[in-house]
Amino acid sequence: MKISKLTLGTVQLGLDYSIHNPKPTLEESKSILRTAFDLGINTLDTAREYGSSEEVIGSFLEEGLNPMVVTKFKVNPSHLKNPGTAFNEAFDSISRSLKMLKLDKIPILLFHKGPDHSLEDTCKVIPGILRKLKDLDLIEKGGVSVFEPEEIKELMEYEDIQAFQVPVNIFDHRLMKSGVLEYLDSSGRIVFARSIFLKGLFFNSERQLKGIFEEAVPYIRKLQEIVSRTNLSVAEMAFLFVRDIPGITSLVVGADNVQQIEQNSKLMNKAALKPGLREEIYESFASVPKKVITPHIWNI
């Protein structure tokens with residue numbers, strides 16, 4: 001299973017996700033996908049909840065290309081109390097994904113664990129669902145997309161969970177602190193890193209940070225101060241920091257247009273951060289408040 005070091009996130013292709021650019025047209029989306037594929041980015045990240053994203057990818061697949069597709073499904077939190085009901089909901093979601101993607105089998109399927117899904121119920125039910133879907137030859141590998149990196153410690157005990165998607169970035173070091181990356185790597189698990197730009201928070205000026213984001217001001221100020229002493233941009237530093245973390249399989253990064261794909265591809269060839277700079281990042285952002293690094297609790 002070949003997974004490119006850079007995975008194209010495709011939520012922007014299915015929803016009006018970007019605050020800067022409208023959702024691309026179908027032809028523009030295909031151009032983005034084709035450019036990614038031409039640049040060696042063979043892995044696409046999508047989900048049932050990403051609007052028309054799966055349908056756009058399915059249309060692209062009709063051109064005869066064969067990228068690695070990662071999609072996700074959700075289950076009502078209350079349904080996790082009933083394994084049969086949970087499986088039926090998952091099966092229905094996956095059936096729709098297969099139809100939209102025009103695939104017979106999903107290469108990597110992730111359960112999208114939300115904050116309302118208890119870890120205990122997830123551990124009891126989701127591995128069995130993934131195993132059954134694999135037995136039915138509907139998926140190649142199963143896994144879980146988490147909000148809290150600390151949850152991986154329990155989830156990685158289940159052999160049917162072969163892939164994880166987890167937030168990690170300059171401000172969010174929880175994955176590294178959890179101490180699980182070495183084990184995941186040695187056990188052959190796949191680790192997708194998302195939120196490497198923290199939904200664009202790194203690119204905001206102090207005057208743009210209001211409300212809950214006011215707590216981010218000293219960290220943004222420190223980040224800008226560190227960047228000013230280098231020949232790197234904020235985007236370059238954020239990208240390279242995550243790219244070279246041992247145990248990370250692939251970085252999930254979205255794009256609104258072809259130019260962004262080309263820029264992100266070029267970052268893959270940049271020299272690594274100097275050890276002293278990486279250590280300064282770890283020390284400077286070792287205790288960023290959870291409300292700053294957790295987008296789903298942002299009160300915008």
# chains A, B, ... in the order shown; residues from 1 in each chain; ligands from 1
call {"tool": "residues_around", "arguments": {"residues": "range 43-48 of chain A", "least_positions_apart": "5", "cutoff": "6 Å", "atoms": "only C-alpha atoms", "output": "VMD selection string"}}
result
chain A and resid 3 to 4 7 to 10 67 to 72
call {"tool": "write_last_selection", "arguments": {"atoms": "C-alpha atoms", "output": "PDB file, in the first residue's frame"}}
result
ATOM      1  CA  ILE A   3       0.974   6.275   0.469  1.00  0.00           C
ATOM      2  CA  SER A   4       2.577   9.528  -0.625  1.00  0.00           C
ATOM      3  CA  THR A   7      -1.944  13.649   1.165  1.00  0.00           C
ATOM      4  CA  LEU A   8      -4.347  16.036  -0.535  1.00  0.00           C
ATOM      5  CA  GLY A   9      -7.204  17.018   1.758  1.00  0.00           C
ATOM      6  CA  THR A  10     -10.326  17.479  -0.348  1.00  0.00           C
ATOM      7  CA  PRO A  67      -5.058   7.278  -6.403  1.00  0.00           C
ATOM      8  CA  MET A  68      -5.070   5.989  -2.836  1.00  0.00           C
ATOM      9  CA  VAL A  69      -8.388   7.109  -1.331  1.00  0.00           C
ATOM     10  CA  VAL A  70      -8.968   7.625   2.382  1.00  0.00           C
ATOM     11  CA  THR A  71     -12.546   8.291   3.418  1.00  0.00           C
ATOM     12  CA  LYS A  72     -14.376   8.438   6.728  1.00  0.00           C
TER      13      LYS A  72
END
call {"tool": "select_by_dssp", "arguments": {"residues": "range 217-293 of chain A", "states": "alpha helix (DSSP H)", "output": "MDAnalysis selection string"}}
result
chainID A and resid 217:228 234:243 258:267 275:284 290:293
call {"tool": "write_last_selection", "arguments": {"atoms": "N, CA and C atoms", "output": "compact mmCIF listing (two decimals), in the first residue's frame"}}
result
# COMPACT_ATOMS: atom_id res chain seq x y z
N VAL A 217 -2.62 35.01 21.17
CA VAL A 217 -1.76 36.14 20.83
C VAL A 217 -0.30 35.95 21.25
N PRO A 218 -0.01 35.61 22.52
CA PRO A 218 1.42 35.47 22.87
C PRO A 218 2.14 34.38 22.10
N TYR A 219 1.41 33.34 21.71
CA TYR A 219 2.03 32.23 20.96
C TYR A 219 2.25 32.62 19.50
N ILE A 220 1.28 33.35 18.94
CA ILE A 220 1.46 33.85 17.57
C ILE A 220 2.62 34.85 17.54
N ARG A 221 2.70 35.69 18.55
CA ARG A 221 3.78 36.66 18.64
C ARG A 221 5.14 35.94 18.71
N LYS A 222 5.20 34.90 19.52
CA LYS A 222 6.44 34.14 19.65
C LYS A 222 6.79 33.43 18.35
N LEU A 223 5.79 32.87 17.68
CA LEU A 223 6.02 32.20 16.41
C LEU A 223 6.59 33.17 15.38
N GLN A 224 6.01 34.35 15.31
CA GLN A 224 6.49 35.35 14.35
C GLN A 224 7.91 35.80 14.69
N GLU A 225 8.21 35.87 15.98
CA GLU A 225 9.56 36.26 16.40
C GLU A 225 10.58 35.20 16.00
N ILE A 226 10.22 33.93 16.17
CA ILE A 226 11.11 32.84 15.77
C ILE A 226 11.32 32.85 14.26
N VAL A 227 10.23 33.00 13.52
CA VAL A 227 10.30 33.00 12.05
C VAL A 227 11.18 34.15 11.56
N SER A 228 11.10 35.30 12.22
CA SER A 228 11.86 36.48 11.78
C SER A 228 13.37 36.27 11.86
N VAL A 234 6.21 31.37 7.71
CA VAL A 234 5.43 30.63 8.70
C VAL A 234 4.98 29.30 8.13
N ALA A 235 4.50 29.32 6.88
CA ALA A 235 4.02 28.09 6.25
C ALA A 235 5.14 27.06 6.13
N GLU A 236 6.31 27.51 5.72
CA GLU A 236 7.44 26.59 5.57
C GLU A 236 7.83 25.97 6.90
N MET A 237 7.91 26.79 7.95
CA MET A 237 8.30 26.26 9.25
C MET A 237 7.26 25.28 9.78
N ALA A 238 5.99 25.63 9.64
CA ALA A 238 4.92 24.74 10.13
C ALA A 238 4.93 23.41 9.38
N PHE A 239 5.13 23.47 8.09
CA PHE A 239 5.13 22.27 7.26
C PHE A 239 6.32 21.38 7.61
N LEU A 240 7.52 21.95 7.65
CA LEU A 240 8.73 21.18 7.88
C LEU A 240 8.78 20.59 9.28
N PHE A 241 8.20 21.30 10.24
CA PHE A 241 8.17 20.79 11.61
C PHE A 241 7.44 19.45 11.67
N VAL A 242 6.31 19.36 11.01
CA VAL A 242 5.53 18.12 11.03
C VAL A 242 6.11 17.08 10.07
N ARG A 243 6.58 17.53 8.92
CA ARG A 243 7.08 16.59 7.91
C ARG A 243 8.13 15.64 8.47
N VAL A 258 -4.60 25.10 -8.06
CA VAL A 258 -3.41 24.40 -8.56
C VAL A 258 -2.14 25.00 -7.96
N GLN A 259 -2.11 26.32 -7.82
CA GLN A 259 -0.90 26.98 -7.32
C GLN A 259 -0.56 26.50 -5.90
N GLN A 260 -1.58 26.31 -5.07
CA GLN A 260 -1.32 25.83 -3.72
C GLN A 260 -0.76 24.42 -3.72
N ILE A 261 -1.26 23.58 -4.61
CA ILE A 261 -0.72 22.22 -4.74
C ILE A 261 0.77 22.29 -5.10
N GLU A 262 1.10 23.13 -6.04
CA GLU A 262 2.50 23.24 -6.48
C GLU A 262 3.38 23.77 -5.35
N GLN A 263 2.87 24.73 -4.60
CA GLN A 263 3.64 25.27 -3.48
C GLN A 263 3.87 24.21 -2.40
N ASN A 264 2.82 23.46 -2.09
CA ASN A 264 2.94 22.43 -1.06
C ASN A 264 3.90 21.32 -1.49
N SER A 265 3.86 20.99 -2.77
CA SER A 265 4.76 19.97 -3.30
C SER A 265 6.22 20.41 -3.17
N LYS A 266 6.49 21.68 -3.42
CA LYS A 266 7.86 22.20 -3.31
C LYS A 266 8.36 22.13 -1.87
N LEU A 267 7.46 22.27 -0.91
CA LEU A 267 7.87 22.21 0.50
C LEU A 267 8.43 20.84 0.86
N PRO A 275 18.41 21.40 14.09
CA PRO A 275 18.06 20.81 15.39
C PRO A 275 17.79 21.85 16.47
N GLY A 276 18.58 22.92 16.51
CA GLY A 276 18.38 23.95 17.51
C GLY A 276 17.05 24.65 17.36
N LEU A 277 16.64 24.88 16.11
CA LEU A 277 15.36 25.53 15.84
C LEU A 277 14.20 24.62 16.23
N ARG A 278 14.31 23.35 15.91
CA ARG A 278 13.26 22.39 16.28
C ARG A 278 13.12 22.32 17.81
N GLU A 279 14.25 22.32 18.49
CA GLU A 279 14.21 22.27 19.95
C GLU A 279 13.57 23.53 20.53
N GLU A 280 13.84 24.68 19.93
CA GLU A 280 13.24 25.93 20.39
C GLU A 280 11.73 25.90 20.22
N ILE A 281 11.26 25.32 19.13
CA ILE A 281 9.82 25.20 18.90
C ILE A 281 9.19 24.34 19.97
N TYR A 282 9.83 23.21 20.27
CA TYR A 282 9.29 22.33 21.32
C TYR A 282 9.22 23.06 22.66
N GLU A 283 10.25 23.80 22.99
CA GLU A 283 10.29 24.49 24.29
C GLU A 283 9.33 25.67 24.34
N SER A 284 9.22 26.41 23.25
CA SER A 284 8.39 27.62 23.23
C SER A 284 6.90 27.33 23.26
N LYS A 290 -5.38 24.21 25.59
CA LYS A 290 -6.14 23.29 24.76
C LYS A 290 -7.17 24.02 23.89
N LYS A 291 -7.76 25.09 24.41
CA LYS A 291 -8.78 25.80 23.63
C LYS A 291 -8.18 26.48 22.41
N VAL A 292 -6.87 26.72 22.42
CA VAL A 292 -6.21 27.33 21.27
C VAL A 292 -5.91 26.28 20.20
N ILE A 293 -5.55 25.06 20.61
CA ILE A 293 -5.12 24.04 19.66
C ILE A 293 -6.23 23.07 19.25
call {"tool": "select_by_dssp", "arguments": {"residues": "range 39-148 of chain A", "states": "strand (DSSP E or B)", "output": "ChimeraX atom specification"}}
result
/A:43-45,68-73,106-112,139-145
call {"tool": "closest_atom_pairs", "arguments": {"of": "range 22-88 of chain A", "to": "range 98-115 of chain A", "cutoff": "9 Å", "atoms": "only C-alpha atoms", "output": "Markdown table"}}
result
| residue | atom | partner | partner_atom | distance |
| --- | --- | --- | --- | --- |
| A:Ala47 | CA | A:His112 | CA | 8.7 |
| A:Ser52 | CA | A:Met100 | CA | 8.7 |
| A:Ser53 | CA | A:Met100 | CA | 8.9 |
| A:Glu54 | CA | A:Leu101 | CA | 5.4 |
| A:Glu55 | CA | A:Met100 | CA | 4.7 |
| A:Val56 | CA | A:Leu101 | CA | 7.9 |
| A:Ile57 | CA | A:Leu101 | CA | 6.1 |
| A:Gly58 | CA | A:Leu101 | CA | 3.9 |
| A:Ser59 | CA | A:Leu101 | CA | 7.5 |
| A:Phe60 | CA | A:Leu101 | CA | 8.9 |
| A:Leu61 | CA | A:Lys102 | CA | 7.4 |
| A:Glu62 | CA | A:Lys102 | CA | 7.9 |
| A:Met68 | CA | A:Pro107 | CA | 6.5 |
| A:Val69 | CA | A:Pro107 | CA | 5.9 |
| A:Val70 | CA | A:Ile108 | CA | 4.8 |
| A:Thr71 | CA | A:Leu109 | CA | 5.3 |
| A:Lys72 | CA | A:Leu110 | CA | 4.6 |
| A:Phe73 | CA | A:Phe111 | CA | 5.2 |
| A:Lys74 | CA | A:His112 | CA | 5.3 |
| A:Val75 | CA | A:Phe111 | CA | 8.1 |
| A:Pro77 | CA | A:Gly114 | CA | 8.5 |
call {"tool": "write_last_selection", "arguments": {"atoms": "all heavy atoms", "output": "compact mmCIF listing (two decimals), in the first residue's frame"}}
result
# COMPACT_ATOMS: atom_id res chain seq x y z
N ALA A 47 -14.34 12.43 3.01
CA ALA A 47 -15.28 11.94 4.02
C ALA A 47 -16.70 12.12 3.51
O ALA A 47 -16.96 12.96 2.65
CB ALA A 47 -15.10 12.67 5.36
N SER A 52 -19.80 17.40 -1.62
CA SER A 52 -19.69 16.65 -2.88
C SER A 52 -18.28 16.14 -3.14
O SER A 52 -17.98 15.69 -4.25
CB SER A 52 -20.14 17.54 -4.05
OG SER A 52 -19.31 18.70 -4.13
N SER A 53 -17.42 16.17 -2.13
CA SER A 53 -16.02 15.78 -2.32
C SER A 53 -15.88 14.37 -2.88
O SER A 53 -15.13 14.15 -3.85
CB SER A 53 -15.25 15.88 -0.99
OG SER A 53 -13.95 15.37 -1.12
N GLU A 54 -16.57 13.39 -2.30
CA GLU A 54 -16.46 12.01 -2.79
C GLU A 54 -16.93 11.91 -4.23
O GLU A 54 -16.34 11.19 -5.04
CB GLU A 54 -17.27 11.06 -1.90
CG GLU A 54 -16.66 10.81 -0.53
CD GLU A 54 -17.45 9.80 0.27
OE1 GLU A 54 -18.69 9.71 0.08
OE2 GLU A 54 -16.84 9.09 1.10
N GLU A 55 -18.00 12.62 -4.57
CA GLU A 55 -18.52 12.59 -5.94
C GLU A 55 -17.51 13.19 -6.92
O GLU A 55 -17.33 12.67 -8.03
CB GLU A 55 -19.83 13.35 -5.99
CG GLU A 55 -20.57 13.22 -7.31
CD GLU A 55 -21.95 13.86 -7.27
OE1 GLU A 55 -22.28 14.51 -6.26
OE2 GLU A 55 -22.68 13.71 -8.25
N VAL A 56 -16.84 14.27 -6.50
CA VAL A 56 -15.82 14.89 -7.35
C VAL A 56 -14.68 13.92 -7.59
O VAL A 56 -14.20 13.75 -8.73
CB VAL A 56 -15.29 16.19 -6.69
CG1 VAL A 56 -14.04 16.69 -7.42
CG2 VAL A 56 -16.37 17.26 -6.69
N ILE A 57 -14.24 13.24 -6.53
CA ILE A 57 -13.16 12.26 -6.67
C ILE A 57 -13.59 11.11 -7.57
O ILE A 57 -12.83 10.64 -8.42
CB ILE A 57 -12.72 11.74 -5.29
CG1 ILE A 57 -12.06 12.86 -4.49
CG2 ILE A 57 -11.77 10.55 -5.43
CD1 ILE A 57 -11.76 12.52 -3.05
N GLY A 58 -14.84 10.66 -7.40
CA GLY A 58 -15.35 9.59 -8.25
C GLY A 58 -15.33 9.97 -9.71
O GLY A 58 -14.98 9.16 -10.58
N SER A 59 -15.69 11.21 -10.02
CA SER A 59 -15.66 11.70 -11.39
C SER A 59 -14.23 11.71 -11.92
O SER A 59 -13.98 11.37 -13.08
CB SER A 59 -16.26 13.11 -11.46
OG SER A 59 -16.24 13.62 -12.76
N PHE A 60 -13.30 12.07 -11.05
CA PHE A 60 -11.88 12.08 -11.42
C PHE A 60 -11.37 10.67 -11.69
O PHE A 60 -10.62 10.44 -12.63
CB PHE A 60 -11.08 12.73 -10.29
CG PHE A 60 -9.58 12.71 -10.48
CD1 PHE A 60 -8.97 13.44 -11.48
CD2 PHE A 60 -8.78 11.94 -9.65
CE1 PHE A 60 -7.59 13.42 -11.66
CE2 PHE A 60 -7.40 11.92 -9.80
CZ PHE A 60 -6.81 12.66 -10.81
N LEU A 61 -11.82 9.71 -10.88
CA LEU A 61 -11.37 8.33 -11.05
C LEU A 61 -11.83 7.74 -12.39
O LEU A 61 -11.21 6.80 -12.91
CB LEU A 61 -11.89 7.45 -9.90
CG LEU A 61 -11.35 7.77 -8.50
CD1 LEU A 61 -11.90 6.79 -7.48
CD2 LEU A 61 -9.84 7.75 -8.49
N GLU A 62 -12.90 8.29 -12.93
CA GLU A 62 -13.39 7.80 -14.22
C GLU A 62 -12.40 8.07 -15.34
O GLU A 62 -12.50 7.48 -16.42
CB GLU A 62 -14.75 8.45 -14.55
CG GLU A 62 -15.89 7.91 -13.71
CD GLU A 62 -17.23 8.47 -14.15
OE1 GLU A 62 -17.33 9.71 -14.31
OE2 GLU A 62 -18.17 7.68 -14.31
N MET A 68 -4.73 6.61 -4.11
CA MET A 68 -5.07 5.99 -2.84
C MET A 68 -6.12 6.87 -2.15
O MET A 68 -5.85 8.04 -1.86
CB MET A 68 -3.81 5.89 -1.98
CG MET A 68 -4.06 5.37 -0.57
SD MET A 68 -4.48 3.64 -0.56
CE MET A 68 -2.97 2.94 -1.20
N VAL A 69 -7.29 6.33 -1.90
CA VAL A 69 -8.39 7.11 -1.33
C VAL A 69 -8.58 6.74 0.14
O VAL A 69 -8.67 5.57 0.50
CB VAL A 69 -9.70 6.88 -2.10
CG1 VAL A 69 -10.83 7.67 -1.45
CG2 VAL A 69 -9.53 7.29 -3.57
N VAL A 70 -8.65 7.77 0.97
CA VAL A 70 -8.97 7.62 2.38
C VAL A 70 -10.29 8.35 2.61
O VAL A 70 -10.40 9.54 2.32
CB VAL A 70 -7.89 8.27 3.28
CG1 VAL A 70 -8.22 8.06 4.76
CG2 VAL A 70 -6.51 7.74 2.94
N THR A 71 -11.29 7.63 3.10
CA THR A 71 -12.55 8.29 3.42
C THR A 71 -12.96 7.92 4.83
O THR A 71 -12.34 7.07 5.48
CB THR A 71 -13.66 7.98 2.40
OG1 THR A 71 -14.75 8.90 2.60
CG2 THR A 71 -14.17 6.55 2.53
N LYS A 72 -13.99 8.59 5.33
CA LYS A 72 -14.38 8.44 6.73
C LYS A 72 -15.88 8.24 6.85
O LYS A 72 -16.66 8.65 5.97
CB LYS A 72 -13.96 9.67 7.54
CG LYS A 72 -12.51 10.07 7.34
CD LYS A 72 -12.19 11.33 8.12
CE LYS A 72 -10.92 11.97 7.59
NZ LYS A 72 -11.10 12.63 6.30
N PHE A 73 -16.29 7.65 7.97
CA PHE A 73 -17.70 7.50 8.28
C PHE A 73 -17.94 7.89 9.72
O PHE A 73 -17.03 7.89 10.55
CB PHE A 73 -18.17 6.05 8.04
CG PHE A 73 -17.65 5.06 9.06
CD1 PHE A 73 -18.46 4.64 10.12
CD2 PHE A 73 -16.37 4.53 8.95
CE1 PHE A 73 -17.99 3.72 11.05
CE2 PHE A 73 -15.91 3.61 9.88
CZ PHE A 73 -16.72 3.20 10.93
N LYS A 74 -19.18 8.24 10.00
CA LYS A 74 -19.59 8.58 11.36
C LYS A 74 -20.68 7.62 11.83
O LYS A 74 -21.38 7.01 11.01
CB LYS A 74 -20.10 10.02 11.44
CG LYS A 74 -19.01 11.07 11.55
CD LYS A 74 -19.62 12.44 11.82
CE LYS A 74 -18.55 13.48 12.11
NZ LYS A 74 -19.13 14.80 12.43
N VAL A 75 -20.83 7.53 13.13
CA VAL A 75 -21.91 6.77 13.74
C VAL A 75 -22.50 7.64 14.84
O VAL A 75 -21.76 8.28 15.60
CB VAL A 75 -21.40 5.44 14.33
CG1 VAL A 75 -22.49 4.76 15.15
CG2 VAL A 75 -20.93 4.50 13.22
N PRO A 77 -23.49 8.79 18.24
CA PRO A 77 -22.91 8.35 19.51
C PRO A 77 -23.80 7.39 20.29
O PRO A 77 -23.30 6.44 20.90
CB PRO A 77 -22.70 9.66 20.28
CG PRO A 77 -22.50 10.68 19.21
CD PRO A 77 -23.42 10.26 18.08
call {"tool": "closest_residue", "arguments": {"among": "A:Ser287, A:Ser186, A:Ser95, A:Thr294", "to": "Pro167 in chain A", "atoms": "only C-alpha atoms"}}
result
A:Thr294
call {"tool": "closest_atom_pairs", "arguments": {"of": "range 62-99 of chain A", "to": "range 116-123 of chain A", "cutoff": "10 Å", "atoms": "only C-alpha atoms", "output": "CSV"}}
result
residue,atom,partner,partner_atom,distance
A:Lys74,CA,A:His117,CA,9.9
A:Val75,CA,A:His117,CA,8.7
A:Asn76,CA,A:His117,CA,8.2
A:Pro77,CA,A:His117,CA,5.1
A:Ser78,CA,A:His117,CA,8.3
A:His79,CA,A:Asp121,CA,9.6
A:Leu80,CA,A:Asp121,CA,5.9
A:Lys81,CA,A:Asp121,CA,6.8
A:Asn82,CA,A:Asp121,CA,9.6
A:Pro83,CA,A:Asp121,CA,9.5
call {"tool": "atom_distance", "arguments": {"atom1": "CA of Gly200 in chain A", "atom2": "CA of His296 in chain A"}}
result
13.9 Å
call {"tool": "residues_around", "arguments": {"residues": "Gln12 in chain A", "least_positions_apart": "6", "cutoff": "12 Å", "atoms": "only C-alpha atoms", "output": "list in words"}}
result
Ser18, Ile19, His20, Asn21, Pro22, Lys23, Pro24, Thr25, Leu26, Glu28, Ser29, Ile32, Leu33, Asp45, Thr46, Ala47, Glu49, Tyr50, Gly51, Ser52, Ser53, Glu54, Val56, Val253, Gly254, Ala255, Asp256 and Asn257 of chain A
call {"tool": "residues_around", "arguments": {"residues": "range 171-184 of chain A", "least_positions_apart": "6", "cutoff": "7 Å", "atoms": "only C-alpha atoms", "output": "PyMOL selection string"}}
result
chain A and resi 149-150+153+247+285-286+288+293
call {"tool": "closest_residue", "arguments": {"among": "A:Ala36, A:Ile126, A:Ile297, A:Leu201", "to": "Leu155 in chain A", "atoms": "only C-alpha atoms"}}
result
A:Ile126
call {"tool": "atom_distance", "arguments": {"atom1": "CA of Val168 in chain A", "atom2": "CA of Gly14 in chain A"}}
result
23.7 Å
call {"tool": "atom_distance", "arguments": {"atom1": "CA of Val144 in chain A", "atom2": "CA of Arg189 in chain A"}}
result
11.4 Å
call {"tool": "closest_residue", "arguments": {"among": "A:Phe202, A:Glu215, A:Gln162, A:Asp244", "to": "Ile190 in chain A", "atoms": "only C-alpha atoms"}}
result
A:Gln162
